[in-house]
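Coordinates as given in work17.cif (mmCIF, C-alpha atoms):
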data_model
loop_
_atom_site.label_atom_id
_atom_site.label_comp_id
_atom_site.auth_asym_id
_atom_site.auth_seq_id
_atom_site.Cartn_x
_atom_site.Cartn_y
_atom_site.Cartn_z
CA MET A 1 0.00 0.00 0.00
CA GLN A 2 1.26 3.47 -0.87
CA SER A 3 1.79 5.83 2.03
CA ILE A 4 1.44 9.60 2.17
CA GLU A 5 2.58 12.12 4.75
CA VAL A 6 0.20 14.86 5.82
CA LYS A 7 1.65 17.84 7.65
CA LEU A 8 -0.40 19.45 10.40
CA SER A 9 0.57 22.88 9.03
CA ASP A 10 -1.05 21.94 5.71
CA ILE A 11 -4.28 20.93 7.45
CA ILE A 12 -4.34 24.26 9.30
CA ILE A 13 -3.73 26.34 6.19
CA GLN A 14 -6.14 24.33 4.01
CA HIS A 15 -8.90 24.82 6.56
CA PRO A 16 -8.98 28.50 7.46
CA GLU A 17 -12.49 27.99 8.73
CA VAL A 18 -11.07 26.02 11.66
CA ASN A 19 -11.03 28.38 14.60
CA SER A 20 -10.22 26.18 17.57
CA PHE A 21 -8.24 23.12 18.61
CA ARG A 22 -11.50 21.25 19.06
CA GLU A 23 -12.44 21.91 15.44
CA LEU A 24 -8.95 20.87 14.34
CA LEU A 25 -9.42 17.53 16.12
CA ASP A 26 -12.60 17.01 14.09
CA LYS A 27 -10.70 17.65 10.85
CA VAL A 28 -7.99 15.19 11.83
CA ARG A 29 -10.60 12.59 12.75
CA ALA A 30 -12.30 13.11 9.38
CA MET A 31 -9.16 12.46 7.32
CA THR A 32 -9.55 9.49 5.04
CA SER A 33 -7.49 8.15 2.18
CA GLU A 34 -7.12 5.03 0.13
CA HIS A 35 -3.45 5.24 1.11
CA MET A 36 -1.75 4.81 4.45
CA ILE A 37 -1.47 8.25 6.07
CA PHE A 38 1.33 9.46 8.31
CA LEU A 39 0.48 12.58 10.27
CA ASN A 40 3.50 14.86 10.71
CA LEU A 41 3.01 17.18 13.70
CA ASP A 42 5.36 19.77 12.22
CA VAL A 43 3.94 22.76 14.09
CA LYS A 44 2.16 23.42 17.33
CA PRO A 45 -1.39 24.56 16.58
CA ASP A 46 -1.72 27.76 18.57
CA TYR A 47 -5.44 28.18 19.04
CA ARG A 48 -6.72 29.67 22.26
CA ASP A 49 -7.92 26.27 23.47
CA THR A 50 -4.79 24.29 22.51
CA PRO A 51 -4.00 22.09 25.53
CA ARG A 52 -0.54 21.25 26.84
CA ASN A 53 -0.89 17.66 25.70
CA TRP A 54 -1.85 18.71 22.17
CA GLU A 55 0.36 16.09 20.49
CA TRP A 56 -1.24 13.27 22.42
CA LYS A 57 -4.74 14.59 21.69
CA LEU A 58 -4.03 14.86 17.97
CA GLU A 59 -2.50 11.40 17.77
CA ALA A 60 -5.51 10.00 19.59
CA ALA A 61 -7.93 11.77 17.23
CA PHE A 62 -5.92 10.58 14.26
CA GLY A 63 -6.14 7.03 15.58
CA GLU A 64 -9.90 7.31 15.98
CA GLY A 65 -10.38 8.63 12.47
CA GLY A 66 -11.18 6.75 9.30
CA LYS A 67 -13.12 4.08 11.17
CA MET B 1 -7.17 23.86 -1.33
CA LYS B 2 -10.80 24.22 -0.48
CA SER B 3 -12.79 27.34 -1.04
CA VAL B 4 -13.13 29.33 2.10
CA ALA B 5 -16.45 30.03 3.70
CA ARG B 6 -15.85 33.48 5.09
CA ASN B 7 -19.38 34.74 5.08
CA ASN B 8 -21.48 35.75 8.06
CA GLY B 9 -19.15 38.47 9.22
CA PHE B 10 -15.91 36.53 8.94
CA TRP B 11 -13.91 39.66 8.26
CA GLN B 12 -15.29 41.39 11.35
CA ASP B 13 -15.19 38.79 14.11
CA ASP B 14 -12.76 36.61 16.08
CA ARG B 15 -12.38 34.16 13.22
CA TYR B 16 -10.53 36.88 11.32
CA ARG B 17 -7.92 37.15 14.07
CA GLN B 18 -7.24 33.41 14.02
CA TRP B 19 -7.12 33.36 10.22
CA ARG B 20 -4.76 36.35 10.19
CA HIS B 21 -2.46 34.63 12.66
CA ASN B 22 -2.21 31.50 10.51
CA ARG B 23 -1.85 33.41 7.24
CA LEU B 24 1.12 35.32 8.60
CA ARG B 25 2.58 32.26 10.27
CA PHE B 26 2.61 30.17 7.11
CA TYR B 27 3.17 32.84 4.45
CA PRO B 28 6.19 31.90 2.28
CA GLN B 29 9.39 33.65 3.25
CA SER B 30 11.08 33.06 -0.09
CA VAL B 31 10.00 32.51 -3.67
CA ALA B 32 11.52 29.02 -3.57
CA GLU B 33 8.70 28.01 -1.24
CA ILE B 34 6.07 28.61 -3.92
CA CYS B 35 7.86 26.73 -6.73
CA VAL B 36 6.46 23.32 -7.66
CA PRO B 37 8.09 21.09 -10.32
CA ILE B 38 5.62 19.27 -12.57
CA ASN B 39 6.13 16.93 -15.51
CA ALA B 40 4.28 18.95 -18.15
CA LEU B 41 1.12 21.03 -18.45
CA LEU B 42 -0.88 18.00 -19.52
CA GLU B 43 0.91 15.63 -17.20
CA VAL B 44 0.31 16.75 -13.64
CA THR B 45 0.29 13.95 -11.09
CA ALA B 46 -2.10 13.93 -8.15
CA ALA B 47 0.81 14.68 -5.80
CA GLN B 48 1.95 17.63 -7.94
CA LYS B 49 -1.58 18.97 -8.10
CA MET B 50 -1.85 18.67 -4.34
CA ALA B 51 1.49 20.44 -3.92
CA ILE B 52 0.27 23.35 -6.05
CA GLY B 53 -2.91 23.46 -3.98
CA LYS B 54 -0.99 23.58 -0.71
CA VAL B 55 1.21 26.41 -1.93
CA CYS B 56 -1.83 28.32 -3.16
CA GLY B 57 -3.37 27.84 0.27
CA ARG B 58 -0.42 29.70 1.77
CA ALA B 59 0.08 32.44 -0.80
CA ASN B 60 -2.82 32.38 -3.28
CA MET B 61 -0.24 31.59 -5.97
CA ALA B 62 2.24 28.98 -7.11
CA ILE B 63 5.00 28.89 -9.70
CA TYR B 64 4.91 25.60 -11.59
CA GLN B 65 8.02 24.43 -13.39
CA CYS B 66 7.51 22.02 -16.30
CA ARG B 67 10.24 19.49 -16.97
CA ASP B 68 8.94 19.45 -20.53
CA ALA B 69 8.97 23.11 -21.62
CA SER B 70 7.06 22.65 -24.88
CA VAL B 71 3.68 24.36 -24.86
CA GLU B 72 0.54 24.72 -26.92
CA ARG B 73 -2.12 27.28 -26.14
CA ALA B 74 -4.78 24.63 -25.67
CA SER B 75 -2.68 22.89 -23.02
CA ILE B 76 -2.75 26.05 -20.88
CA ILE B 77 -6.53 25.96 -20.86
CA ALA B 78 -6.51 22.23 -20.09
CA PHE B 79 -3.97 22.76 -17.29
CA ALA B 80 -6.07 25.51 -15.74
CA ALA B 81 -9.20 23.35 -15.90
CA GLN B 82 -7.55 20.87 -13.52
CA PHE B 83 -7.67 23.62 -10.91
CA GLY B 84 -11.32 24.49 -11.50
CA LEU B 85 -10.52 27.38 -13.85
CA THR B 86 -12.86 27.11 -16.80
CA ARG B 87 -14.69 30.42 -17.24
CA LEU B 88 -12.29 32.48 -19.37
CA ASP B 89 -12.33 36.25 -19.65
CA HIS B 90 -12.39 36.91 -23.40
CA HIS B 91 -11.10 40.47 -23.22
CA LEU B 92 -10.19 42.92 -25.94
CA CYS B 93 -6.62 41.75 -26.58
CA ALA B 94 -7.09 38.01 -26.05
CA ASN B 95 -7.27 35.57 -28.93
CA THR B 96 -10.51 33.78 -29.75
CA ASP B 97 -9.61 30.97 -27.35
CA GLY B 98 -9.29 33.50 -24.50
CA VAL B 99 -5.50 33.19 -24.19
CA ALA B 100 -3.56 36.42 -24.70
CA GLU B 101 -0.01 36.50 -26.06
CA LEU B 102 2.11 38.93 -24.09
CA SER B 103 4.88 39.92 -26.45
CA VAL B 104 6.05 43.19 -27.95
CA ALA B 105 3.39 44.28 -30.46
CA HIS B 106 4.48 46.70 -33.16
CA ASP B 107 1.08 47.21 -34.77
CA GLY B 108 -2.59 46.35 -34.31
CA VAL B 109 -4.88 46.96 -31.34
CA ARG B 110 -2.39 45.48 -28.85
CA SER B 111 0.34 47.99 -29.68
CA GLY B 112 -1.58 50.72 -27.85
CA TYR B 113 -1.29 48.95 -24.49
CA VAL B 114 1.72 48.83 -22.16
CA PRO B 115 1.53 45.05 -21.42
CA TYR B 116 2.31 44.47 -25.10
CA SER B 117 5.47 46.57 -25.01
CA ASN B 118 8.83 45.98 -23.34
CA SER B 119 8.22 48.75 -20.80
CA SER B 120 7.84 48.15 -17.10
CA LEU B 121 4.36 47.58 -15.71
CA SER B 122 3.39 49.12 -12.40
CA TRP B 123 1.66 47.19 -9.62
CA HIS B 124 -1.83 45.99 -10.43
CA THR B 125 -4.28 43.13 -10.31
CA ASP B 126 -5.51 41.81 -13.64
CA GLY B 127 -8.79 43.10 -15.05
CA TYR B 128 -9.06 46.02 -12.61
CA TYR B 129 -11.08 47.77 -15.33
CA ASN B 130 -13.66 44.95 -15.57
CA ASP B 131 -17.18 45.54 -14.31
CA PRO B 132 -18.29 43.84 -11.05
CA GLY B 133 -20.02 41.06 -12.98
CA HIS B 134 -16.75 40.09 -14.65
CA LYS B 135 -14.23 40.07 -11.84
CA VAL B 136 -10.99 38.34 -12.73
CA ASN B 137 -10.48 35.93 -9.86
CA ALA B 138 -7.62 33.82 -11.18
CA VAL B 139 -4.84 34.08 -13.75
CA VAL B 140 -2.45 31.65 -15.40
CA LEU B 141 0.66 33.28 -16.81
CA HIS B 142 2.81 30.83 -18.74
CA CYS B 143 6.27 31.66 -20.07
CA ALA B 144 7.01 30.22 -23.51
CA GLN B 145 10.17 32.30 -23.90
CA SER B 146 11.90 34.65 -21.49
CA ALA B 147 13.48 37.94 -22.59
CA LEU B 148 17.18 38.31 -23.15
CA SER B 149 17.23 40.42 -19.98
CA GLY B 150 14.67 41.83 -17.59
CA GLY B 151 10.98 40.96 -17.40
CA GLU B 152 10.99 40.02 -13.73
CA ASN B 153 7.73 39.97 -11.80
CA ALA B 154 7.15 41.10 -8.23
CA LEU B 155 4.27 39.31 -6.52
CA LEU B 156 2.14 39.86 -3.45
CA ASP B 157 -0.90 38.01 -2.13
CA PRO B 158 -3.77 40.54 -1.77
CA GLU B 159 -4.72 38.89 1.53
CA LEU B 160 -1.31 39.89 2.89
CA ALA B 161 -1.87 43.44 1.66
CA TYR B 162 -5.28 43.43 3.38
CA ILE B 163 -3.78 42.26 6.67
CA ARG B 164 -0.99 44.85 6.61
CA LEU B 165 -3.41 47.66 5.75
CA ARG B 166 -5.83 46.64 8.48
CA ASP B 167 -3.04 46.26 11.04
CA GLU B 168 -1.91 49.79 10.26
CA ASN B 169 -5.36 51.37 10.31
CA PRO B 170 -8.73 49.57 10.04
CA GLY B 171 -10.02 52.76 8.44
CA PHE B 172 -7.85 51.98 5.39
CA ILE B 173 -10.04 48.95 4.74
CA THR B 174 -13.21 51.02 5.01
CA ALA B 175 -11.75 53.54 2.55
CA PHE B 176 -10.80 50.79 0.10
CA GLU B 177 -14.27 49.24 0.38
CA HIS B 178 -15.97 52.43 -0.79
CA PRO B 179 -17.93 51.84 -4.02
CA GLU B 180 -16.42 54.97 -5.57
CA CYS B 181 -12.89 54.45 -4.32
CA MET B 182 -11.31 53.90 -7.73
CA THR B 183 -12.67 55.07 -11.07
CA ILE B 184 -11.41 53.98 -14.47
CA PRO B 185 -12.30 56.48 -17.19
CA ALA B 186 -14.07 55.19 -20.30
CA ASN B 187 -11.92 53.45 -22.92
CA THR B 188 -12.20 55.60 -26.01
CA ALA B 189 -9.19 54.26 -27.90
CA GLY B 190 -9.89 54.50 -31.63
CA GLY B 191 -12.60 57.12 -31.13
CA ALA B 192 -15.38 54.78 -30.03
CA GLU B 193 -16.21 54.02 -26.40
CA SER B 194 -15.41 50.32 -25.96
CA ARG B 195 -15.83 50.47 -22.19
CA PRO B 196 -17.74 53.01 -20.08
CA ALA B 197 -16.22 54.73 -17.05
CA LEU B 198 -16.28 52.39 -14.09
CA SER B 199 -16.19 53.09 -10.35
CA GLY B 200 -15.69 50.44 -7.71
CA PRO B 201 -13.95 49.44 -4.51
CA VAL B 202 -10.43 48.12 -4.12
CA PHE B 203 -11.60 45.41 -1.73
CA ALA B 204 -14.75 43.45 -2.43
CA TYR B 205 -16.05 40.11 -1.20
CA GLY B 206 -17.37 37.20 -3.22
CA ALA B 207 -20.48 35.16 -2.60
CA ARG B 208 -18.59 32.93 -0.18
CA GLY B 209 -16.81 35.83 1.46
CA GLU B 210 -13.56 35.46 -0.48
CA LEU B 211 -11.51 38.64 -0.83
CA HIS B 212 -11.19 40.26 -4.24
CA MET B 213 -8.75 43.08 -4.86
CA ARG B 214 -8.92 45.57 -7.68
CA TYR B 215 -5.91 47.83 -7.90
CA SER B 216 -3.64 49.73 -10.22
CA ALA B 217 -0.73 51.95 -9.26
CA ARG B 218 -0.95 53.78 -12.60
CA ARG B 219 -0.89 57.51 -12.23
CA LYS B 220 -2.69 58.13 -15.53
CA ASN B 221 -6.20 56.97 -16.36
CA ILE B 222 -7.15 56.27 -12.74
CA ARG B 223 -9.27 58.60 -10.63
CA TRP B 224 -9.10 57.99 -6.89
CA ARG B 225 -11.68 59.18 -4.40
CA ASP B 226 -10.48 62.49 -3.03
CA ASP B 227 -10.47 61.66 0.63
CA PRO B 228 -7.59 61.85 3.18
CA LEU B 229 -8.04 58.24 4.36
CA THR B 230 -8.04 56.88 0.79
CA THR B 231 -4.89 58.85 0.03
CA ALA B 232 -3.20 57.59 3.20
CA ALA B 233 -4.23 54.00 2.41
CA ARG B 234 -2.80 54.32 -1.11
CA ASP B 235 0.45 55.71 0.25
CA PHE B 236 0.73 52.90 2.79
CA LEU B 237 0.05 50.26 0.15
CA SER B 238 2.57 51.83 -2.19
CA ASP B 239 5.22 51.74 0.53
CA LEU B 240 4.41 48.08 1.25
CA LEU B 241 4.66 47.11 -2.41
CA ASN B 242 7.96 48.89 -2.85
CA ASP B 243 9.53 47.73 0.41
CA LYS B 244 12.60 45.68 -0.56
CA ASN B 245 12.52 43.97 2.83
CA GLY B 246 8.78 43.36 2.88
CA PRO B 247 6.63 40.35 1.95
CA VAL B 248 6.90 40.87 -1.83
CA LEU B 249 8.30 37.87 -3.74
CA ARG B 250 10.27 38.35 -6.97
CA TYR B 251 10.78 35.91 -9.81
CA ARG B 252 11.74 35.87 -13.47
CA LEU B 253 9.81 33.16 -15.28
CA GLN B 254 11.81 30.92 -17.59
CA ALA B 255 10.51 28.97 -20.56
CA GLY B 256 8.23 26.20 -19.31
CA GLU B 257 7.43 27.94 -16.05
CA GLY B 258 4.24 29.69 -15.12
CA LEU B 259 2.33 31.42 -12.38
CA ILE B 260 -1.10 30.19 -11.33
CA SER B 261 -2.77 32.55 -8.90
CA ASN B 262 -5.95 33.93 -7.45
CA ASN B 263 -5.15 37.18 -9.27
CA VAL B 264 -2.35 38.36 -7.00
CA LEU B 265 -0.83 41.83 -7.08
CA HIS B 266 2.10 41.97 -9.49
CA ASP B 267 4.33 44.23 -11.51
CA ARG B 268 6.91 43.68 -14.27
CA THR B 269 10.31 45.20 -14.89
CA ALA B 270 11.22 46.46 -18.36
CA PHE B 271 12.92 43.94 -20.61
CA SER B 272 15.08 43.63 -23.73
CA ASP B 273 14.51 41.07 -26.44
CA GLY B 274 17.32 39.57 -28.46
CA GLN B 275 17.36 38.82 -32.17
CA ASP B 276 16.55 35.17 -31.50
CA GLN B 277 15.07 35.48 -28.03
CA GLN B 278 11.82 37.39 -27.84
CA ARG B 279 9.79 37.30 -24.68
CA LEU B 280 6.48 35.48 -25.03
CA LEU B 281 4.10 34.81 -22.19
CA TYR B 282 0.63 33.33 -22.52
CA ARG B 283 -1.99 34.71 -20.18
CA ALA B 284 -5.42 33.30 -19.40
CA ARG B 285 -7.78 35.09 -17.04
CA PHE B 286 -10.66 33.40 -15.28
CA PHE B 287 -13.80 34.37 -13.44
CA ASP B 288 -13.34 31.31 -11.19
CA ARG B 289 -11.01 30.92 -8.23
CA ILE B 290 -8.57 28.04 -7.84
CA GLU B 291 -10.30 24.94 -6.48
CA ILE B 292 -8.65 21.60 -5.85
#

Do you think you could lay out the structure here as structure tokens?
Amino acid sequence: MQSIEVKLSDIIIQHPEVNSFRELLDKVRAMTSEHMIFLNLDVKPDYRDTPRNWEWKLEAAFGEGGK
Amino acid sequence: MKSVARNNGFWQDDRYRQWRHNRLRFYPQSVAEICVPINALLEVTAAQKMAIGKVCGRANMAIYQCRDASVERASIIAFAAQFGLTRLDHHLCANTDGVAELSVAHDGVRSGYVPYSNSSLSWHTDGYYNDPGHKVNAVVLHCAQSALSGGENALLDPELAYIRLRDENPGFITAFEHPECMTIPANTAGGAESRPALSGPVFAYGARGELHMRYSARRKNIRWRDDPLTTAARDFLSDLLNDKNGPVLRYRLQAGEGLISNNVLHDRTAFSDGQDQQRLLYRARFFDRIEI
């Protein structure tokens, strides 16, 4: 299976309508592809509600997605 | 790159502040960041298309670089269609297919216009003289042959200009939104009026809230609203566009390279053709915005 890397910065810039960390989690959960996806947490998302454990939260949401 | 739903007061509320933050954070710092190699105009892979989309998401423009530099006019239209650009602006100097050839014209209707000379072109967005029903939202500028020297473009995303103007003075935005901010006198070249005088704002918003900028730095044939805030906004914008250390990107397109953009601000330096090297750029203007 082909794999693709998705950068978090690309998700943020492609979705300017996302206005909070909670909404970003929804976008990450909604990611689907016929290929294997690797999520690259290349930047810290600095929304007002970004928690300290933002990496863990994003990885968890990513794991929940596509099911 | 998805179209942006910025309606319902986007530009006035908290969402603007978050959007502004991310636009500045991810705006390209060098022209290299907006260059995307592709195979050929008619051979764009899904990954290359996605790469162009990502760059456009950051800067509203991308420079594509074809490994195969050969070009036919029809392939420019087909290339643009892959990015949702299908509604062509068939303007006065374009050919019947809607693609204009930007080269030095020595006679004919084109010879009366600066873009078809080797002179420099001041800052502008394309189609600033179009009526509101025919806004040019995207442009593909493809280089078939570069000049012997010169012909460099300076480029700036209008959204960056908006942010800088608003940061300086929110009143500048209000001034540039005025429906009589900028007036283009009627086009009476050849004795007949081919276009009536047209007033409109610099900044306008599309049906989905997307920003549209209409601007020309020309000193002739433009009438600006006589108002201190408009004058101050123009001066500030002019300083921004001419700031060598500012956000403006500069690039000289080579044969096989092109700019695809949501009608960004740009200028052009003067150029010199050689005996066997005459600058030729193809330009297609669209009423659509880039969609991937």

>> Distance cut-off 12 Å, counting all atoms listed in the file - which residues of chain B neighbour chain A? Return them as a VMD selection string.
In response: chain B and resid 1 to 8 10 to 11 13 to 27 46 to 47 50 to 60 208 to 210 291 to 292

>> What does the structure give for the distance between CA of Asp273 in chain B and CA of Ser119 in chain B, in Å to one decimal?
In response: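 Interatomic distance, CA of Asp273 in chain B to CA of Ser119 in chain B: 11.4 Å.
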
> Which one is closest to Glu59 in chain A: A:Leu39, A:Glu23, A:Ala30, A:Glu5? Count only C-alpha atoms.
Replying inline: A:Leu39

> Any idea what's packed within 12 Å of range 230-237 of chain B, counting all atoms listed in the file, ignoring anything in its chain fewer than 6 positions away? Could you give it as JSON, numbers by chain?
Replying inline: {"B": [123, 124, 156, 158, 160, 161, 162, 163, 164, 165, 166, 167, 168, 169, 170, 171, 172, 173, 174, 175, 176, 177, 178, 180, 181, 182, 201, 202, 215, 216, 217, 218, 219, 223, 224, 243, 246, 248, 265]}

>> Residues near Gly84 in chain B, anyone? I mean within 12 Å using only C-alpha atoms, not counting same-chain ones fewer than 4 positions away, as a PyMOL selection string.
In response: chain B and resi 1-3+49+53+77-80+88+137-139+260+262+286-292

>> As an exercise, work out the distance from CA of Ile76 in chain B to CA of Ala207 in chain B in Å and give it to one decimal place.
In response: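 These two atoms are separated by 27.0 Å.
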
> What do you get, as a list in words, if you spell out every residue that the PyMOL selection byres ((chain A and resi 33) around 12) selects here?
Replying inline: Met1, Gln2, Ser3, Ile4, Glu5, Val6, Val28, Arg29, Ala30, Met31, Thr32, Glu34, His35, Met36, Ile37, Phe38, Gly65, Gly66 and Lys67 of chain A

>> For a test of reading the model, state the distance in Å between CA of Cys35 in chain B and CA of Ala74 in chain B, rounded to one decimal.
In response: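 Distance reported for this atom pair: 22.9 Å.
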
Go ahead and fit an axis-aligned box to every listed atom of range 228-242 of chain B plus 4 Å each side, and pass me the centre and edge lengths in Å, one decimal, as JSON.
{"center_x": 0.0, "center_y": 54.5, "center_z": 0.8, "size_x": 24.0, "size_y": 22.7, "size_z": 15.2}

> With only C-alpha atoms as the basis for distance, which of A:Thr50, A:Lys7, A:Asp42, A:Lys27 is at the shortest distance from Phe62 in chain A?
Replying inline: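 Among the listed residues, the smallest separation from Phe62 in chain A belongs to A:Lys27.
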
Compile the contact shell of Thr183 in chain B as a PDB file with C-alpha atoms, in the frame of the given file: residues with an atom at most 7 Å away, counting only C-alpha atoms, same-chain residues fewer than 4 positions apart removed.
ATOM      1  CA  ALA B 197     -16.220  54.730 -17.050  1.00  0.00           C
ATOM      2  CA  LEU B 198     -16.280  52.390 -14.090  1.00  0.00           C
ATOM      3  CA  SER B 199     -16.190  53.090 -10.350  1.00  0.00           C
ATOM      4  CA  GLY B 200     -15.690  50.440  -7.710  1.00  0.00           C
ATOM      5  CA  ILE B 222      -7.150  56.270 -12.740  1.00  0.00           C
ATOM      6  CA  ARG B 223      -9.270  58.600 -10.630  1.00  0.00           C
ATOM      7  CA  TRP B 224      -9.100  57.990  -6.890  1.00  0.00           C
TER       8      TRP B 224
END

> Expanded to explicit residues, what is the PyMOL selection byres ((chain B and resi 67) around 12) for this file, as a list in words?
Replying inline: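 This file gives the following for the PyMOL selection byres ((chain B and resi 67) around 12): Val36, Pro37, Ile38, Asn39, Ala40, Leu41, Leu42, Glu43, Val44, Tyr64, Gln65, Cys66, Asp68, Ala69, Ser70, Val71, Gln254, Ala255, Gly256, Glu257 and Gly258 of chain B.
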
>> Running the PyMOL selection byres ((chain B and resi 30) around 10) on this model by hand, what would come out? Give it as a list of chain:residue names.
In response: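 Selected by the PyMOL selection byres ((chain B and resi 30) around 10) here: B:Tyr27, B:Pro28, B:Gln29, B:Val31, B:Ala32, B:Glu33, B:Ile34, B:Cys35, B:Pro247, B:Val248, B:Leu249, B:Arg250.
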
>> Report as a PyMOL selection string all protein, DNA and RNA residues lying within 10 Å of His91 in chain B, evaluated on all atoms listed in the file, omitting residues in the same chain fewer than 5 positions from it.
In response: chain B and resi 96+98-100+127+130+284-285

Selection file, C-alpha atoms, as a tab-separated table (two decimals), in the frame of the given file:
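Result file follows (again.tsv):
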chain	number	residue	atom	x	y	z
B	96	THR	CA	-10.51	33.78	-29.75
B	98	GLY	CA	-9.29	33.50	-24.50
B	99	VAL	CA	-5.50	33.19	-24.19
B	100	ALA	CA	-3.56	36.42	-24.70
B	127	GLY	CA	-8.79	43.10	-15.05
B	130	ASN	CA	-13.66	44.95	-15.57
B	284	ALA	CA	-5.42	33.30	-19.40
B	285	ARG	CA	-7.78	35.09	-17.04
